[in-house]
Every structure is written in structure tokens, then in C-alpha cells.
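Just query_8.cif here, mmCIF, C-alpha atoms:
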data_run
loop_
_atom_site.label_atom_id
_atom_site.label_comp_id
_atom_site.auth_asym_id
_atom_site.auth_seq_id
_atom_site.Cartn_x
_atom_site.Cartn_y
_atom_site.Cartn_z
CA MET A 128 0.00 0.00 0.00
CA ALA A 129 1.47 3.33 -1.02
CA ASN A 130 -0.46 4.94 1.78
CA GLU A 131 0.37 6.94 4.88
CA ILE A 132 1.18 5.14 8.10
CA GLY A 133 -2.05 4.25 9.80
CA ASP A 134 -4.27 4.18 6.73
CA ALA A 135 -6.54 1.22 7.32
CA ARG A 136 -9.23 -0.74 5.53
CA ILE A 137 -11.83 -3.18 6.84
CA ARG A 138 -13.64 -5.38 4.33
CA LEU A 139 -16.88 -7.19 5.15
CA PRO A 140 -18.96 -9.43 2.89
CA GLU A 141 -21.31 -7.45 0.63
CA GLN A 142 -24.35 -9.42 1.70
CA ILE A 143 -24.72 -10.33 5.37
CA ARG A 144 -27.60 -12.33 6.81
CA LYS A 145 -28.51 -11.90 10.46
CA GLY A 146 -26.81 -14.49 12.62
CA GLU A 147 -24.26 -15.74 10.11
CA VAL A 148 -20.56 -15.99 10.91
CA ILE A 149 -18.74 -13.65 8.53
CA THR A 150 -15.07 -13.18 7.70
CA VAL A 151 -13.56 -9.76 8.41
CA HIS A 152 -10.48 -8.67 6.43
CA ALA A 153 -8.43 -5.83 7.88
CA ILE A 154 -5.20 -4.17 6.81
CA VAL A 155 -3.30 -1.17 8.15
CA SER A 156 -0.37 0.59 6.55
CA HIS A 157 2.64 0.40 8.88
CA PRO A 158 6.39 -0.30 8.41
CA MET A 159 6.54 -2.84 11.27
CA ASP A 160 10.28 -2.20 11.74
CA THR A 161 11.95 -4.84 13.88
CA GLY A 162 14.82 -2.70 15.13
CA PHE A 163 17.32 -5.20 13.67
CA PHE A 164 17.94 -3.42 10.36
CA ARG A 165 20.16 -0.46 9.50
CA THR A 166 19.86 2.23 6.86
CA ARG A 167 22.26 2.30 3.90
CA GLU A 168 24.32 4.83 5.92
CA GLY A 169 24.62 2.32 8.75
CA ASN A 170 22.26 3.98 11.19
CA PRO A 171 20.02 1.60 13.12
CA ILE A 172 16.32 1.74 12.24
CA PRO A 173 14.49 1.70 15.59
CA ALA A 174 11.71 -0.77 16.30
CA TYR A 175 8.40 0.68 15.12
CA PHE A 176 5.44 -1.65 15.04
CA ILE A 177 1.75 -2.16 15.86
CA LYS A 178 1.62 -3.82 19.26
CA ASP A 179 -2.07 -3.87 20.06
CA VAL A 180 -5.31 -4.20 18.08
CA VAL A 181 -8.74 -3.87 19.67
CA VAL A 182 -11.89 -5.01 17.85
CA THR A 183 -15.22 -3.58 19.02
CA TYR A 184 -18.67 -4.59 17.71
CA GLY A 185 -21.26 -2.03 18.79
CA ASP A 186 -20.28 -1.34 22.38
CA ALA A 187 -18.67 -4.70 23.07
CA GLU A 188 -14.99 -5.51 22.79
CA VAL A 189 -15.00 -8.81 20.91
CA ALA A 190 -11.28 -9.43 20.33
CA ARG A 191 -7.87 -8.05 21.17
CA PHE A 192 -4.62 -8.93 19.40
CA GLU A 193 -1.11 -8.54 20.83
CA TRP A 194 1.48 -8.25 18.10
CA THR A 195 5.24 -7.92 17.84
CA SER A 196 7.39 -6.65 14.98
CA GLY A 197 7.29 -10.26 13.69
CA VAL A 198 4.02 -9.50 11.93
CA SER A 199 4.75 -8.50 8.31
CA ARG A 200 4.84 -4.93 6.99
CA ASP A 201 1.35 -3.45 6.40
CA PRO A 202 -0.15 -6.02 8.75
CA MET A 203 -3.25 -7.82 7.56
CA VAL A 204 -5.47 -10.04 9.64
CA THR A 205 -8.67 -11.91 8.98
CA PHE A 206 -10.97 -13.23 11.67
CA SER A 207 -14.59 -14.26 12.11
CA LEU A 208 -17.55 -12.43 13.57
CA ARG A 209 -21.05 -13.62 14.42
CA ALA A 210 -23.17 -10.93 12.76
CA ASP A 211 -26.11 -11.05 15.18
CA ARG A 212 -27.00 -7.34 15.08
CA GLU A 213 -26.57 -4.25 12.96
CA ALA A 214 -23.74 -2.25 14.51
CA PRO A 215 -20.41 -0.73 13.55
CA LEU A 216 -17.33 -2.92 13.73
CA THR A 217 -14.43 -0.76 14.87
CA MET A 218 -10.75 -1.60 14.97
CA VAL A 219 -8.11 0.44 16.77
CA TRP A 220 -4.44 -0.27 16.06
CA THR A 221 -1.84 1.13 18.51
CA ASP A 222 1.88 1.19 17.79
CA ASN A 223 4.87 1.22 20.15
CA LYS A 224 5.39 4.96 19.64
CA GLY A 225 1.87 5.85 20.74
CA GLY A 226 0.35 6.12 17.27
CA VAL A 227 -3.35 5.20 17.33
CA TYR A 228 -5.19 4.35 14.12
CA ARG A 229 -8.90 3.67 13.85
CA GLN A 230 -11.23 2.32 11.18
CA SER A 231 -14.86 1.20 11.16
CA ALA A 232 -17.21 -0.73 8.93
CA ASN A 233 -20.95 -1.16 9.34
CA VAL A 234 -22.46 -4.59 9.80
CA ALA A 235 -25.78 -4.15 8.01
CA PHE A 236 -28.15 -6.89 6.92
CA ALA A 237 -29.24 -7.40 3.35
CA THR A 238 -32.86 -6.55 2.73
CA ALA A 239 -34.41 -9.63 1.14
CA MET B 273 -6.65 -41.06 51.41
CA PRO B 274 -6.61 -41.41 47.63
CA SER B 275 -10.36 -40.80 47.39
CA LEU B 276 -9.78 -37.24 48.53
CA LEU B 277 -7.17 -36.54 45.89
CA SER B 278 -8.34 -34.82 42.74
CA ARG B 279 -7.41 -36.47 39.46
CA ARG B 280 -5.17 -33.52 38.66
CA GLY B 281 -3.48 -33.68 42.06
CA PHE B 282 -2.98 -37.40 41.64
CA PHE B 283 -1.37 -37.05 38.23
CA LEU B 284 0.84 -34.21 39.40
CA ARG B 285 1.95 -36.32 42.35
CA SER B 286 2.67 -39.32 40.16
CA ALA B 287 4.63 -37.14 37.75
CA VAL B 288 6.73 -35.70 40.56
CA LEU B 289 7.31 -39.13 42.08
CA THR B 290 8.27 -40.63 38.72
CA ALA B 291 10.61 -37.73 37.97
CA GLY B 292 12.14 -38.11 41.41
CA ALA B 293 12.74 -41.82 40.82
CA VAL B 294 14.43 -41.13 37.48
CA VAL B 295 16.66 -38.42 38.96
CA GLY B 296 17.50 -40.86 41.73
CA ALA B 297 18.61 -43.33 39.08
CA GLY B 298 20.99 -40.71 37.71
CA GLY B 299 18.90 -39.85 34.64
CA LEU B 300 18.72 -36.06 34.78
CA ARG B 301 18.19 -35.75 31.03
CA ARG B 302 15.41 -38.31 31.12
CA ALA B 303 13.82 -36.42 34.00
CA ASP B 304 13.82 -33.29 31.85
CA ALA B 305 12.06 -35.22 29.12
CA LEU B 306 9.47 -36.52 31.57
CA LEU B 307 8.70 -33.04 32.82
CA ARG B 308 8.11 -31.72 29.30
CA ILE B 309 4.84 -29.93 28.77
CA GLY B 310 3.99 -31.53 25.44
CA GLY B 311 3.83 -35.15 24.33
CA PRO B 312 6.83 -37.28 23.27
CA GLU B 313 6.15 -36.74 19.55
CA ASP B 314 5.91 -32.95 19.86
CA PRO B 315 8.88 -30.77 18.86
CA GLU B 316 11.05 -29.86 21.83
CA PRO B 317 11.60 -26.17 22.51
CA SER B 318 14.49 -25.03 20.30
CA ASN B 319 15.91 -22.75 22.99
CA GLU B 320 15.44 -21.58 26.57
CA GLU B 321 13.27 -18.64 25.50
CA VAL B 322 10.76 -20.96 23.80
CA ALA B 323 10.80 -23.24 26.86
CA ARG B 324 10.02 -20.20 29.03
CA ILE B 325 7.14 -19.12 26.74
CA LEU B 326 5.68 -22.64 26.77
CA ARG B 327 5.92 -22.81 30.58
CA GLU B 328 4.20 -19.44 30.84
CA ILE B 329 1.31 -20.48 28.58
CA SER B 330 1.07 -23.93 30.14
CA ALA B 331 1.10 -22.83 33.80
CA GLY B 332 1.45 -26.48 34.72
CA ARG B 333 -1.23 -27.75 32.31
CA PRO B 334 -0.50 -30.23 29.53
CA ILE B 335 -0.43 -28.96 25.95
CA ARG B 336 -1.91 -31.65 23.72
CA ARG B 337 -2.15 -31.96 19.98
CA GLY B 338 -5.59 -31.52 18.44
CA HIS B 339 -8.55 -29.18 17.89
CA VAL B 340 -6.37 -26.62 16.14
CA SER B 341 -4.74 -26.59 12.73
CA LEU B 342 -1.79 -24.44 11.77
CA ASP B 343 -1.53 -24.04 8.01
CA MET B 344 1.66 -22.60 6.57
CA PRO B 345 3.67 -23.22 3.43
CA ALA B 346 6.26 -25.99 3.84
CA VAL B 347 8.77 -23.70 2.11
CA ALA B 348 8.76 -19.93 2.57
CA GLU B 349 10.52 -18.30 -0.38
CA ASP B 350 10.50 -14.90 1.31
CA GLY B 351 10.84 -14.83 5.09
CA ARG B 352 9.45 -11.29 5.17
CA VAL B 353 5.96 -12.42 4.21
CA VAL B 354 4.88 -15.89 5.28
CA PRO B 355 1.14 -16.62 5.36
CA VAL B 356 -0.31 -18.24 8.48
CA MET B 357 -3.76 -19.71 9.00
CA ILE B 358 -4.92 -20.93 12.40
CA GLU B 359 -8.29 -22.64 12.75
CA SER B 360 -10.03 -24.54 15.50
CA ASP B 361 -13.03 -26.88 15.37
CA LEU B 362 -13.98 -26.02 18.95
CA PRO B 363 -17.27 -24.19 19.59
CA MET B 364 -17.50 -20.45 20.21
CA THR B 365 -20.46 -20.24 22.59
CA PRO B 366 -20.79 -18.33 25.87
CA GLU B 367 -20.49 -21.68 27.68
CA ALA B 368 -17.34 -22.87 25.92
CA TYR B 369 -15.05 -20.99 23.59
CA VAL B 370 -11.48 -20.45 22.48
CA LYS B 371 -10.27 -17.47 24.46
CA GLY B 372 -6.66 -17.29 23.33
CA VAL B 373 -4.54 -18.17 20.32
CA HIS B 374 -0.74 -18.05 20.60
CA LEU B 375 1.66 -18.07 17.66
CA ILE B 376 5.25 -19.02 18.45
CA VAL B 377 8.15 -19.10 15.97
CA ASP B 378 11.05 -20.87 17.68
CA HIS B 379 14.04 -19.29 15.93
CA ASN B 380 12.68 -15.75 15.60
CA PRO B 381 14.20 -12.95 17.72
CA ASP B 382 10.76 -12.39 19.28
CA ALA B 383 9.57 -15.99 19.44
CA HIS B 384 6.12 -15.29 20.94
CA LEU B 385 5.12 -13.53 17.77
CA ALA B 386 1.43 -12.86 18.40
CA ALA B 387 -1.46 -13.57 20.72
CA PHE B 388 -5.12 -13.27 19.73
CA HIS B 389 -7.66 -12.91 22.54
CA LEU B 390 -11.16 -13.90 21.45
CA THR B 391 -14.71 -13.89 22.82
CA PRO B 392 -17.78 -15.97 21.82
CA ALA B 393 -18.99 -13.02 19.68
CA ILE B 394 -16.30 -14.00 17.18
CA GLY B 395 -18.38 -17.03 16.25
CA SER B 396 -15.56 -19.17 14.90
CA CYS B 397 -11.86 -19.46 15.69
CA ALA B 398 -10.23 -18.81 12.31
CA ILE B 399 -7.39 -16.34 11.96
CA THR B 400 -5.09 -15.57 9.07
CA THR B 401 -2.18 -13.17 8.98
CA ARG B 402 1.31 -12.79 7.48
CA ILE B 403 4.51 -13.01 9.49
CA LYS B 404 8.29 -12.67 9.25
CA MET B 405 10.58 -15.65 9.70
CA LYS B 406 14.31 -15.50 10.30
CA ARG B 407 15.19 -19.05 9.34
CA THR B 408 13.96 -22.63 9.10
CA THR B 409 12.20 -23.52 12.31
CA TRP B 410 9.23 -25.03 14.07
CA VAL B 411 6.14 -22.88 14.34
CA ARG B 412 3.61 -23.53 17.09
CA ALA B 413 -0.06 -22.58 17.37
CA ILE B 414 -1.44 -23.07 20.88
CA ILE B 415 -5.04 -22.34 21.78
CA GLU B 416 -6.52 -21.96 25.24
CA THR B 417 -10.20 -22.68 25.90
CA SER B 418 -12.46 -20.90 28.37
CA GLY B 419 -12.32 -24.12 30.39
CA GLY B 420 -8.54 -23.86 30.62
CA GLU B 421 -7.58 -26.62 28.18
CA LEU B 422 -4.60 -26.16 25.88
CA TRP B 423 -4.44 -27.58 22.34
CA ALA B 424 -1.64 -27.23 19.82
CA ASP B 425 -0.48 -27.86 16.30
CA TYR B 426 3.08 -27.66 14.99
CA THR B 427 4.61 -27.26 11.59
CA LYS B 428 8.16 -26.90 10.36
CA VAL B 429 8.73 -24.19 7.77
CA LEU B 430 11.79 -24.07 5.53
CA VAL B 431 12.91 -20.45 5.09
CA THR B 432 15.16 -19.60 2.16
CA LEU B 433 15.34 -15.78 2.58
CA ASN B 434 15.77 -14.34 6.07
CA GLY B 435 12.92 -11.93 6.83
CA CYS B 436 14.11 -10.61 10.19
CA GLY B 437 17.51 -9.02 9.50
#
With the file now loaded, output its structure as C-alpha cells.
Amino acid sequence: MANEIGDARIRLPEQIRKGEVITVHAIVSHPMDTGFFRTREGNPIPAYFIKDVVVTYGDAEVARFEWTSGVSRDPMVTFSLRADREAPLTMVWTDNKGGVYRQSANVAFATA
Amino acid sequence: MPSLLSRRGFFLRSAVLTAGAVVGAGGLRRADALLRIGGPEDPEPSNEEVARILREISAGRPIRRGHVSLDMPAVAEDGRVVPVMIESDLPMTPEAYVKGVHLIVDHNPDAHLAAFHLTPAIGSCAITTRIKMKRTTWVRAIIETSGGELWADYTKVLVTLNGCG
């Protein structure tokens, strides 16, 4: 992604039926530097990575991920969600330098 | 009074007694093997850090194979981006669910690479992501249920290009 750090996308299925278990795709733009590399000039590149992801559905926290710099650059994750109500799904990514990035997607049911 | 002993207490006692007997017979290495958290066919921790992580997750409980699958390529061409899929067939209901998923890469600088804390609202324990791998090593997926059981799957991944620096 040629985006700015913290740009994030959440993708939900286009059609969701009430009660079904859906797959959520999420990606955030971040370098995820390990702290083990150096620049071409030999200067160390400090560790800079997403360390915490909180997933909220409506008002309820439904999942929390603890990451290290071992997750690849521009970290993506997919997980499931039981779509039992219409509510926003919000994800908040926090990095080790205090950067906080937020994105939401609406769980809405298809009108038959 | 054996009838008053819990099953768990009984097994712990037997394990300690057995280990003691083996140490007594001069078999320190065998005692180590007996006290392992996993089964005899499971990969041993590659280093002390992995052993520490496994002890921390285990907290004295056995880690058995089953109920979770760890899908990764057998050969990772690029260690900077290695796909991982972790799935469990266990239910996700308020009464019984998978509450934690641990991903451990033995030979990575930060071996306890990720932990995923779940609730029943998730509906199904199925996680995919992409990780970095330094070199060829065992990868471990360990799940913890709301009832405190631990289940694991292991896979060895051949890494041809170091992704960790």
C-alpha cells in the first residue's frame, strides 16, 4: 500500500444475513520495523510496530490482538464475527510509539 | 486417602514421584524429558526462551495436539511475508469458547510472535495473517479454551530468505 502510516481498511462481505458468521479482512499501513535493520548509511532503524489491536462490535470488545514486529509490513489479519446485530465494527491499532489508528465498517443486513 | 485426591493432584503427584525416581537413578536428562509440557512426539523447545514461553502459557497444564490446525507453506521463499492460517473446530459459545490463540516461531528474535484474545462473539476461531521468519524452524499454534484446556499444532517451515535481519 502506497499509503500513509495508519491508513486502514476493513472489508466485510457485501451481503450479510442476520446471525451468520462472517469473515472480516483488515489491513493497516505500517512499516513494522523490527529494530534489527540499518539504513544504507549504517544507522540503526528503531523498532516501530503495531503492538495492540482492539476489535469492538457495537459497544462490546469482541477481540484483542497482541502483536510484535514479527508481523509482516502493512499487517493484515482476517478473523470471524457472528453478525447477530446491525452495529459498527471498529478496529483500533496502537503502535509502540503511541500512534493510534482507527477504522470502522458497518455490519448491516441485506434486505431480502 | 486417595479418594480425597483430585485427578489432577494425583497425576501431578505421580509425575513428581516418577521424575524423582528417574533423577535418583541418575537420569537427569530423562527427568527433563518426563517433565516436558507436550507429548513425546511434539517438537522440543528449540531454545530456553521458547521453553520459558511454553511454561508461561502452560502454567502447569499439559499442551496436547488436536482441535487446532496451523496451516503454513512448507517452504517460505520470502521470510518477510509468510502466510499463516490458524483454525479450531472447537465451539464459540458463551459456555465454551477459544479465548486465546498463541503463535510461536522458535528461531525468531521475538519468538512469541502474536497472541489473539477472542470472545464468543467472534463465532468461529479462524485467523489468518502474514509473518516474518528468520530461518527454518518449528512454528507452534497453541489455543486456550475458556475451560482452561490447551491444544496445539506444529509445523516446520523451511525459510530460504531471512525476513528478520
Q: Starting from the displayed file, determine the output of the PyMOL selection byres ((chain A) within 10 of (chain B)) and express the residue list as a VMD selection string.
A: chain A and resid 146 to 154 160 to 165 178 to 182 184 187 to 211
Which residues fall under the PyMOL selection byres ((chain B and resi 318) around 10) in this file, as a ChimeraX atom specification? /B:315-317,319-323,377-379,409-410
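Between CA of Lys145 in chain A and CA of Ala214 in chain A the interatomic distance comes to 11.5 Å.
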Handout entry: Two-atom distance - CA of Thr417 in chain B, CA of Ile376 in chain B (Å)
Key =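 These two atoms are separated by 17.5 Å.
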Counting all atoms listed in the file, which residue out of B:Ser330, B:Asn434, B:Val429, B:Ile325 sits closest to Gly310 in chain B?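 Selected residue with least distance to Gly310 in chain B: B:Ser330.
For the pair CA of Thr217 in chain A and CA of Ile177 in chain A, the interatomic distance is 16.3 Å.
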Across B:Leu362, B:Leu342, B:Val370, B:Ala348, the smallest distance to Tyr426 in chain B, with all atoms listed in the file counted, is shown by B:Leu342
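Ranking B:Ile415, B:Ala368, B:Leu422, B:Ala346 by their shortest atom-to-atom distance to Pro334 in chain B, with all atoms listed in the file included, puts B:Leu422 first.
The smallest atom-to-atom distance between Gly332 in chain B and any of B:Tyr369, B:Gly420, B:Met344, B:Arg407, using all atoms listed in the file, is found for B:Gly420.
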Notebook entry, point to check: Taking (1.8, -24.9, 11.6) in the file's coordinates, which residues come within 7 Å, counting all atoms listed in the file, written as an MDAnalysis selection string?
Noted result: chainID B and resid 341:344 411:413 425:428
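With distances restricted to all atoms listed in the file, A:Pro215 is the closest residue to Leu139 in chain A from A:Pro215, A:Pro173, A:Pro158, A:Gly185.
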Quick one: axis-aligned box around all listed atoms of range 348-357 of chain B, 3 Å on every side, centre and edge lengths in Å to one decimal, written as AutoDock Vina command-line options.
--center_x 3.5 --center_y -15.6 --center_z 4.3 --size_x 20.6 --size_y 14.6 --size_z 15.4
**Prompt:** With distances taken over only C-alpha atoms, which of A:Thr183, A:Asn130, A:Thr221, A:Asn233 is nearest to Ser156 in chain A?
**Reply:**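 Closest candidate: A:Asn130.
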